[in-house]
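Asker: mmCIF, C-alpha atoms and all ligand atoms, file data.cif:
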data_data
#
loop_
_atom_site.group_PDB
_atom_site.id
_atom_site.type_symbol
_atom_site.label_atom_id
_atom_site.label_comp_id
_atom_site.auth_asym_id
_atom_site.auth_seq_id
_atom_site.Cartn_x
_atom_site.Cartn_y
_atom_site.Cartn_z
ATOM 1 C CA MET A 1 57.993 19.881 19.770
ATOM 2 C CA ALA A 2 54.884 18.322 18.273
ATOM 3 C CA VAL A 3 52.356 16.483 20.403
ATOM 4 C CA GLN A 4 52.984 12.720 20.494
ATOM 5 C CA ILE A 5 50.472 10.039 21.467
ATOM 6 C CA ASN A 6 51.800 6.717 22.773
ATOM 7 C CA PRO A 7 49.158 4.006 23.283
ATOM 8 C CA SER A 8 50.037 1.641 26.123
ATOM 9 C CA ILE A 9 49.695 -2.011 25.201
ATOM 10 C CA LEU A 10 49.096 -2.818 28.866
ATOM 11 C CA SER A 11 45.408 -2.379 28.042
ATOM 12 C CA ALA A 12 45.641 -4.391 24.808
ATOM 13 C CA ASP A 13 44.957 -8.116 24.278
ATOM 14 C CA PHE A 14 48.331 -9.745 25.039
ATOM 15 C CA ALA A 15 47.441 -12.785 22.920
ATOM 16 C CA ARG A 16 47.101 -10.540 19.833
ATOM 17 C CA LEU A 17 49.871 -7.980 20.281
ATOM 18 C CA ALA A 18 50.807 -7.693 16.598
ATOM 19 C CA ASP A 19 47.185 -6.936 15.652
ATOM 20 C CA GLU A 20 46.802 -4.564 18.576
ATOM 21 C CA ALA A 21 49.914 -2.669 17.406
ATOM 22 C CA LYS A 22 48.383 -2.358 13.933
ATOM 23 C CA ALA A 23 45.106 -1.121 15.427
ATOM 24 C CA VAL A 24 46.868 2.097 16.473
ATOM 25 C CA GLU A 25 48.841 2.828 13.316
ATOM 26 C CA GLY A 26 49.076 6.609 13.311
ATOM 27 C CA ALA A 27 50.302 6.608 16.894
ATOM 28 C CA ASP A 28 53.795 8.028 17.371
ATOM 29 C CA TRP A 29 55.132 5.266 19.602
ATOM 30 C CA LEU A 30 53.891 2.056 21.211
ATOM 31 C CA HIS A 31 54.291 2.264 24.989
ATOM 32 C CA VAL A 32 55.425 -1.075 26.423
ATOM 33 C CA ASP A 33 55.070 -1.469 30.203
ATOM 34 C CA VAL A 34 57.609 -3.883 31.666
ATOM 35 C CA MET A 35 56.787 -4.873 35.269
ATOM 36 C CA ASP A 36 58.754 -7.321 37.413
ATOM 37 C CA ASN A 37 56.432 -7.832 40.417
ATOM 38 C CA HIS A 38 59.123 -6.292 42.648
ATOM 39 C CA PHE A 39 59.326 -2.612 41.767
ATOM 40 C CA VAL A 40 55.559 -2.718 41.237
ATOM 41 C CA PRO A 41 53.022 -5.341 42.367
ATOM 42 C CA ASN A 42 52.303 -6.610 38.857
ATOM 43 C CA LEU A 43 54.027 -8.740 36.231
ATOM 44 C CA THR A 44 53.822 -8.189 32.488
ATOM 45 C CA LEU A 45 56.451 -9.027 29.871
ATOM 46 C CA GLY A 46 60.176 -8.979 29.221
ATOM 47 C CA VAL A 47 62.901 -8.968 26.599
ATOM 48 C CA PRO A 48 61.602 -11.838 24.373
ATOM 49 C CA VAL A 49 58.193 -10.200 23.921
ATOM 50 C CA VAL A 50 59.810 -6.849 23.119
ATOM 51 C CA GLU A 51 61.986 -8.575 20.503
ATOM 52 C CA SER A 52 58.936 -10.131 18.851
ATOM 53 C CA LEU A 53 56.927 -6.919 18.995
ATOM 54 C CA ALA A 54 59.780 -4.932 17.436
ATOM 55 C CA ARG A 55 59.724 -7.350 14.487
ATOM 56 C CA ALA A 56 55.918 -7.193 14.228
ATOM 57 C CA THR A 57 55.442 -3.413 13.955
ATOM 58 C CA ASP A 58 57.035 -0.382 12.314
ATOM 59 C CA THR A 59 55.872 1.856 15.164
ATOM 60 C CA PRO A 60 58.860 2.568 17.440
ATOM 61 C CA LEU A 61 58.742 1.040 20.915
ATOM 62 C CA ASP A 62 58.815 3.208 24.039
ATOM 63 C CA CYS A 63 59.720 0.752 26.825
ATOM 64 C CA HIS A 64 58.767 1.838 30.342
ATOM 65 C CA LEU A 65 60.723 -0.314 32.776
ATOM 66 C CA MET A 66 58.975 -0.628 36.128
ATOM 67 C CA ILE A 67 61.646 -2.991 37.413
ATOM 68 C CA GLU A 68 64.352 -3.241 40.015
ATOM 69 C CA ALA A 69 67.988 -3.154 38.898
ATOM 70 C CA PRO A 70 67.369 -1.230 35.646
ATOM 71 C CA ASP A 71 71.138 -0.609 35.472
ATOM 72 C CA ARG A 72 71.486 -4.306 34.719
ATOM 73 C CA TRP A 73 68.475 -4.830 32.429
ATOM 74 C CA ALA A 74 67.781 -1.609 30.502
ATOM 75 C CA PRO A 75 70.563 -2.083 27.902
ATOM 76 C CA GLN A 76 69.009 -5.415 26.913
ATOM 77 C CA TYR A 77 65.795 -3.626 25.942
ATOM 78 C CA VAL A 78 67.758 -1.452 23.507
ATOM 79 C CA GLU A 79 69.266 -4.604 22.017
ATOM 80 C CA ALA A 80 65.768 -6.106 21.827
ATOM 81 C CA GLY A 81 64.670 -3.238 19.573
ATOM 82 C CA ALA A 82 63.304 -0.481 21.827
ATOM 83 C CA SER A 83 63.900 3.003 20.407
ATOM 84 C CA SER A 84 63.308 4.673 23.781
ATOM 85 C CA VAL A 85 63.987 3.151 27.189
ATOM 86 C CA THR A 86 62.646 4.657 30.421
ATOM 87 C CA PHE A 87 64.032 3.629 33.808
ATOM 88 C CA HIS A 88 62.720 4.720 37.201
ATOM 89 C CA VAL A 89 65.090 6.962 39.128
ATOM 90 C CA GLU A 90 63.884 5.349 42.373
ATOM 91 C CA ALA A 91 65.328 2.020 41.176
ATOM 92 C CA ALA A 92 68.476 3.124 39.367
ATOM 93 C CA ALA A 93 71.820 2.835 41.165
ATOM 94 C CA ALA A 94 73.593 5.223 38.758
ATOM 95 C CA PRO A 95 71.086 7.129 36.600
ATOM 96 C CA VAL A 96 73.660 9.222 34.728
ATOM 97 C CA ARG A 97 75.773 6.213 33.820
ATOM 98 C CA LEU A 98 72.644 4.308 32.785
ATOM 99 C CA ALA A 99 71.278 7.139 30.616
ATOM 100 C CA ARG A 100 74.665 7.405 28.887
ATOM 101 C CA GLU A 101 74.722 3.670 28.270
ATOM 102 C CA ILE A 102 71.211 3.681 26.759
ATOM 103 C CA ARG A 103 72.184 6.559 24.462
ATOM 104 C CA ALA A 104 75.484 4.924 23.535
ATOM 105 C CA LYS A 105 73.588 1.808 22.478
ATOM 106 C CA GLY A 106 71.468 3.940 20.143
ATOM 107 C CA ALA A 107 68.149 4.530 21.944
ATOM 108 C CA ARG A 108 66.590 7.591 23.529
ATOM 109 C CA ALA A 109 67.222 7.672 27.274
ATOM 110 C CA SER A 110 64.338 8.518 29.569
ATOM 111 C CA MET A 111 63.886 8.711 33.329
ATOM 112 C CA ALA A 112 60.604 8.281 35.232
ATOM 113 C CA LEU A 113 59.434 9.762 38.528
ATOM 114 C CA LYS A 114 56.767 8.144 40.696
ATOM 115 C CA PRO A 115 54.156 10.551 42.078
ATOM 116 C CA ALA A 116 56.003 11.133 45.376
ATOM 117 C CA THR A 117 59.401 11.717 43.736
ATOM 118 C CA PRO A 118 60.208 15.409 43.238
ATOM 119 C CA ILE A 119 61.878 16.791 40.105
ATOM 120 C CA GLU A 120 64.083 19.359 41.840
ATOM 121 C CA PRO A 121 66.942 17.022 42.930
ATOM 122 C CA TYR A 122 67.374 15.960 39.296
ATOM 123 C CA GLU A 123 67.623 19.382 37.642
ATOM 124 C CA ASP A 124 71.321 18.930 36.867
ATOM 125 C CA LEU A 125 70.705 15.494 35.281
ATOM 126 C CA LEU A 126 68.188 16.712 32.720
ATOM 127 C CA PRO A 127 70.749 17.341 29.925
ATOM 128 C CA GLU A 128 71.626 13.630 30.126
ATOM 129 C CA LEU A 129 68.080 12.663 29.135
ATOM 130 C CA ASP A 130 65.949 12.661 25.978
ATOM 131 C CA MET A 131 62.668 12.393 27.876
ATOM 132 C CA LEU A 132 61.385 12.736 31.422
ATOM 133 C CA LEU A 133 58.303 10.719 32.456
ATOM 134 C CA ILE A 134 56.080 12.104 35.183
ATOM 135 C CA MET A 135 53.776 9.366 36.466
ATOM 136 C CA THR A 136 50.239 10.650 36.967
ATOM 137 C CA VAL A 137 49.177 7.463 38.827
ATOM 138 C CA GLU A 138 51.087 5.088 41.079
ATOM 139 C CA PRO A 139 52.775 2.739 38.595
ATOM 140 C CA GLY A 140 51.585 -0.844 38.336
ATOM 141 C CA PHE A 141 48.154 -0.919 36.745
ATOM 142 C CA GLY A 142 46.165 0.562 33.895
ATOM 143 C CA GLY A 143 42.774 2.159 34.333
ATOM 144 C CA GLN A 144 43.528 4.197 37.473
ATOM 145 C CA ALA A 145 42.254 7.721 38.090
ATOM 146 C CA PHE A 146 44.489 10.621 37.000
ATOM 147 C CA LEU A 147 46.242 12.402 39.879
ATOM 148 C CA ASP A 148 45.554 16.107 39.442
ATOM 149 C CA ILE A 149 48.075 16.856 42.177
ATOM 150 C CA MET A 150 50.831 16.043 39.646
ATOM 151 C CA LEU A 151 50.011 19.091 37.501
ATOM 152 C CA PRO A 152 52.277 21.458 39.489
ATOM 153 C CA LYS A 153 55.200 19.046 39.018
ATOM 154 C CA ILE A 154 54.564 18.995 35.262
ATOM 155 C CA ARG A 155 54.555 22.818 35.281
ATOM 156 C CA ARG A 156 57.776 23.045 37.290
ATOM 157 C CA THR A 157 59.485 20.520 35.028
ATOM 158 C CA ARG A 158 58.451 22.453 31.922
ATOM 159 C CA GLU A 159 59.935 25.593 33.507
ATOM 160 C CA LEU A 160 63.234 23.786 34.136
ATOM 161 C CA ILE A 161 63.298 22.586 30.512
ATOM 162 C CA GLY A 162 62.811 26.190 29.373
ATOM 163 C CA LYS A 163 65.349 27.569 31.845
ATOM 164 C CA HIS A 164 68.068 25.247 30.534
ATOM 165 C CA GLY A 165 66.980 25.489 26.874
ATOM 166 C CA LEU A 166 66.691 21.709 26.582
ATOM 167 C CA GLU A 167 65.115 19.586 23.827
ATOM 168 C CA LEU A 168 63.835 17.190 26.497
ATOM 169 C CA TRP A 169 60.420 15.594 25.883
ATOM 170 C CA LEU A 170 58.011 15.607 28.824
ATOM 171 C CA GLN A 171 55.835 12.498 29.024
ATOM 172 C CA VAL A 172 52.815 11.845 31.231
ATOM 173 C CA ASP A 173 51.524 8.339 31.975
ATOM 174 C CA GLY A 174 48.472 7.246 33.946
ATOM 175 C CA GLY A 175 44.844 8.216 33.660
ATOM 176 C CA VAL A 176 45.393 10.231 30.482
ATOM 177 C CA SER A 177 42.083 10.445 28.617
ATOM 178 C CA ASP A 178 39.784 12.829 26.766
ATOM 179 C CA ALA A 179 38.877 14.231 30.179
ATOM 180 C CA THR A 180 42.457 14.897 31.402
ATOM 181 C CA ILE A 181 44.771 15.336 28.406
ATOM 182 C CA GLU A 182 44.067 19.052 28.050
ATOM 183 C CA ARG A 183 45.161 19.737 31.642
ATOM 184 C CA CYS A 184 48.399 17.838 30.992
ATOM 185 C CA ALA A 185 49.109 19.729 27.770
ATOM 186 C CA GLU A 186 48.350 23.074 29.375
ATOM 187 C CA ALA A 187 50.773 22.262 32.200
ATOM 188 C CA GLY A 188 53.579 21.452 29.757
ATOM 189 C CA ALA A 189 53.471 17.769 28.743
ATOM 190 C CA ASP A 190 54.109 16.966 25.088
ATOM 191 C CA VAL A 191 54.168 13.122 25.051
ATOM 192 C CA PHE A 192 50.999 11.393 26.227
ATOM 193 C CA VAL A 193 50.680 7.724 27.175
ATOM 194 C CA ALA A 194 47.147 6.359 27.110
ATOM 195 C CA GLY A 195 46.187 2.750 27.763
ATOM 196 C CA SER A 196 42.551 2.276 28.661
ATOM 197 C CA ALA A 197 41.513 5.467 26.833
ATOM 198 C CA VAL A 198 42.825 3.954 23.578
ATOM 199 C CA TYR A 199 42.377 0.187 23.870
ATOM 200 C CA GLY A 200 39.145 0.504 25.832
ATOM 201 C CA ALA A 201 37.648 2.500 22.950
ATOM 202 C CA ALA A 202 35.579 0.866 20.196
ATOM 203 C CA ASP A 203 37.968 2.357 17.612
ATOM 204 C CA PRO A 204 41.510 2.695 19.048
ATOM 205 C CA ALA A 205 42.881 4.603 16.031
ATOM 206 C CA ALA A 206 40.046 7.144 16.320
ATOM 207 C CA ALA A 207 40.772 7.466 20.046
ATOM 208 C CA VAL A 208 44.396 8.329 19.218
ATOM 209 C CA ARG A 209 43.225 10.988 16.745
ATOM 210 C CA GLY A 210 40.812 12.425 19.300
ATOM 211 C CA LEU A 211 43.464 12.659 22.001
ATOM 212 C CA ARG A 212 45.924 14.256 19.585
ATOM 213 C CA ALA A 213 43.383 16.874 18.461
ATOM 214 C CA LYS A 214 42.641 17.870 22.050
ATOM 215 C CA ALA A 215 46.310 18.090 23.054
ATOM 216 C CA GLU A 216 47.258 20.023 19.899
ATOM 217 C CA ALA A 217 44.502 22.581 20.367
ATOM 218 C CA VAL A 218 45.624 23.334 23.927
ATOM 219 C CA THR A 219 49.341 23.324 23.082
ATOM 220 C CA LYS A 220 48.798 25.997 20.414
ATOM 221 C CA GLN A 221 47.451 28.315 23.107
ATOM 222 C CA ALA A 222 49.754 27.257 25.945
ATOM 223 C CA THR A 223 52.015 29.915 27.411
ATOM 224 C CA TRP A 224 54.883 27.429 27.798
ATOM 225 C CA ALA A 225 54.830 26.633 24.059
ATOM 226 C CA CYS A 226 54.762 30.267 22.912
ATOM 227 C CA ASP A 227 58.539 30.782 23.098
ATOM 228 C CA HIS A 228 59.134 27.946 20.615
HETATM 229 C C1 LIG F 301 50.875 2.092 34.664
HETATM 230 C C2 LIG F 301 51.522 2.099 33.305
HETATM 231 C C3 LIG F 301 50.758 2.819 32.287
HETATM 232 C C4 LIG F 301 49.373 2.276 32.032
HETATM 233 C C5 LIG F 301 48.483 3.450 31.840
HETATM 234 O O1 LIG F 301 51.786 1.798 35.636
HETATM 235 O O2 LIG F 301 52.805 2.673 33.364
HETATM 236 O O3 LIG F 301 51.464 2.945 31.069
HETATM 237 O O4 LIG F 301 49.270 1.442 30.922
HETATM 238 O O5 LIG F 301 47.173 3.014 31.708
HETATM 239 P P1 LIG F 301 45.952 4.055 31.693
HETATM 240 O O6 LIG F 301 46.174 4.968 30.529
HETATM 241 O O7 LIG F 301 44.778 3.178 31.540
HETATM 242 O O8 LIG F 301 46.000 4.800 33.009
HETATM 243 ZN ZN ZN F 302 53.773 3.139 31.422
#
Mind turning this structure into C-alpha cells?
Answerer:
Amino acid sequence: MAVQINPSILSADFARLADEAKAVEGADWLHVDVMDNHFVPNLTLGVPVVESLARATDTPLDCHLMIEAPDRWAPQYVEAGASSVTFHVEAAAAPVRLAREIRAKGARASMALKPATPIEPYEDLLPELDMLLIMTVEPGFGGQAFLDIMLPKIRRTRELIGKHGLELWLQVDGGVSDATIERCAEAGADVFVAGSAVYGAADPAAAVRGLRAKAEAVTKQATWACDH
C-alpha cells in the first residue's frame, strides 16, 4: 500500500477551512478531528462543519471521532460526507457492529487506540476494519511530542496485519513530523496524520511533499513492506 499523508485541520485556521483544505491539495485525505469535551478535554466541531467541508473540497475526509457514544454518532458522519470514519475502541459499546454499520453506509471503517490501549485483545476484530489508528500522543490536542514508546505497538500491529494477510491500513496520529515520520514508517505505519507539521509550515503543500518523500524512502527499504 502506498504511503498516504493526511493533514489534520486541527492546526488550520477554523475561520478559513475551505482555503486551508485547498492549501494542502496533493494530500491524500483531510484529517478532521471531532472532539466532544467528554472523551477528550477539548471541543472542536461536529456534523454541520463536516457537511460544509465535504462540499468545499474534493479531498476525501478522514473523520477521527474523539467522542463518547460513537455507536450513536458515527453513522451521521458518513451521511455528512466522510469517506473514512474512525471511532475509539475505548468509547465504543459494540465495535464490530459499529464498524459494520459504517461500512454498510459506504465509508471506510477505522478503529483508534489510545496510547495505553493494547492491540492484542483486538486481533480477531481486524478483518472488520479498513484502517487501525495508533495514537502516538494522548488524544485531545495538536502540537504534542511524539511518544516513541508507541513504536513497538506499531510493529506488533504490522505483524498481525501480515499474519492474517489483511489489506488494513495502519495510521499514526500525534507528533508526526519530519523528525519522527521515518521511525513510524520503519515500524510499519502507512497512513500519516500531521497537523502542526503541515499547517505550522510556511508552505503546507511543500510540507506534505516533504513528509511523503521521507516516508516513501523508508518504506522502500522496510522489512515489513518487502513481502508486498
Ligand atoms: C490529537 C489529534 C491529532 C492532532 C495531531 O488528538 O487527533 O489529529 O491534530 O496534531 P499534531 O500533528 O500537531 O501532533
Ligand atoms: Zn486525529
Asker: Just so the selection is clear, what residues does the PyMOL selection byres (((not hetatm)) within 9 of (chain F and resi 302)) cover here, as a list in words?
Answerer: Ser8, Leu10, His31, Val32, Asp33, Val34, Asp62, Cys63, His64, Leu65, Met66, Leu133, Met135, Pro139, Gly140, Phe141, Gly142, Val172, Asp173, Gly174, Val193, Ala194 and Gly195 of chain A
Asker: Can you give me, as a ChimeraX atom specification, the residues this file yields under the PyMOL selection byres (((chain A and resi 212) around 9) and not hetatm)?
Answerer: /A:3-5,181,192,207-211,213-217
Asker: May I have the selected residues written with C-alpha atoms, as a tab-separated table (two decimals), keeping the file's coordinate frame?
Answerer:
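Done, and the output landed in out-v3.tsv:
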chain	number	residue	atom	x	y	z
A	3	VAL	CA	52.36	16.48	20.40
A	4	GLN	CA	52.98	12.72	20.49
A	5	ILE	CA	50.47	10.04	21.47
A	181	ILE	CA	44.77	15.34	28.41
A	192	PHE	CA	51.00	11.39	26.23
A	207	ALA	CA	40.77	7.47	20.05
A	208	VAL	CA	44.40	8.33	19.22
A	209	ARG	CA	43.22	10.99	16.74
A	210	GLY	CA	40.81	12.42	19.30
A	211	LEU	CA	43.46	12.66	22.00
A	213	ALA	CA	43.38	16.87	18.46
A	214	LYS	CA	42.64	17.87	22.05
A	215	ALA	CA	46.31	18.09	23.05
A	216	GLU	CA	47.26	20.02	19.90
A	217	ALA	CA	44.50	22.58	20.37
Asker: Considering all atoms listed in the file, return as a list in words whatever protein or nucleic-acid residues lie within 12 Å of Asp13 (chain A), sequence-local ones (same chain, fewer than 4 positions apart) excluded.
Answerer: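 What passes the distance filter is Ser8, Ile9, Leu17, Ala18, Asp19, Glu20, Ala21, Ala23, Gly195, Ser196, Tyr199 and Gly200 of chain A.
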Asker: Go ahead and compute the interatomic distance for CA of Glu90 (chain A) and CA of Glu51 (chain A), in Å to one decimal.
Answerer: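 If I compute the distance from CA of Glu90 (chain A) to CA of Glu51 (chain A), I get 26.0 Å.
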Asker: Nearest to Thr157 (chain A): which of A:Val50, A:Val191, A:Tyr122, A:Glu182 is it, counting only C-alpha atoms?
Answerer: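 Closest candidate: A:Tyr122.
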Asker: Expressed in Å to a single decimal, how great is the separation between CA of Phe87 (chain A) and CA of Glu138 (chain A)?
Answerer: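 One can read the CA of Phe87 (chain A) to CA of Glu138 (chain A) distance as 14.9 Å.
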Asker: Pick from A:Met35, A:Leu125, A:Ile119, A:Leu168: nearest to ligand LIG 301 (chain F), with all atoms listed in the file counted?
Answerer: A:Met35
Asker: Using CA of Asp28 (chain A) and CA of Asn6 (chain A) as the two end points, give the distance in Å to one decimal.
Answerer: 5.9 Å
Asker: Mind telling me what the PyMOL selection byres (((chain A and resi 60) around 9) and not hetatm) catches here, as a ChimeraX atom specification?
Answerer: /A:28-31,54,57-59,61-62,81-84
Asker: Return the single residue from A:Leu160, A:Leu98, A:Val137, A:Ala187 that is closest to ligand LIG 301 (chain F), with distances computed using all atoms listed in the file.
Answerer: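 Closest to ligand LIG 301 (chain F) of all the choices is A:Val137.
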Asker: Measuring between only C-alpha atoms and all ligand atoms, which one of A:Lys114, A:Lys105, A:Arg100, A:Arg72 shows the shortest distance to ligand LIG 301 (chain F)?
Answerer: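 Looking only at the distances to ligand LIG 301 (chain F), the closest residue turns out to be A:Lys114.
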Asker: I need the residue nearest ligand LIG 301 (chain F) from this list: A:Gln76, A:Ser52, A:Thr180, A:Thr219. Use only C-alpha atoms and all ligand atoms for the distance.
Answerer: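 Closest residue, counting only C-alpha atoms and all ligand atoms: A:Thr180.
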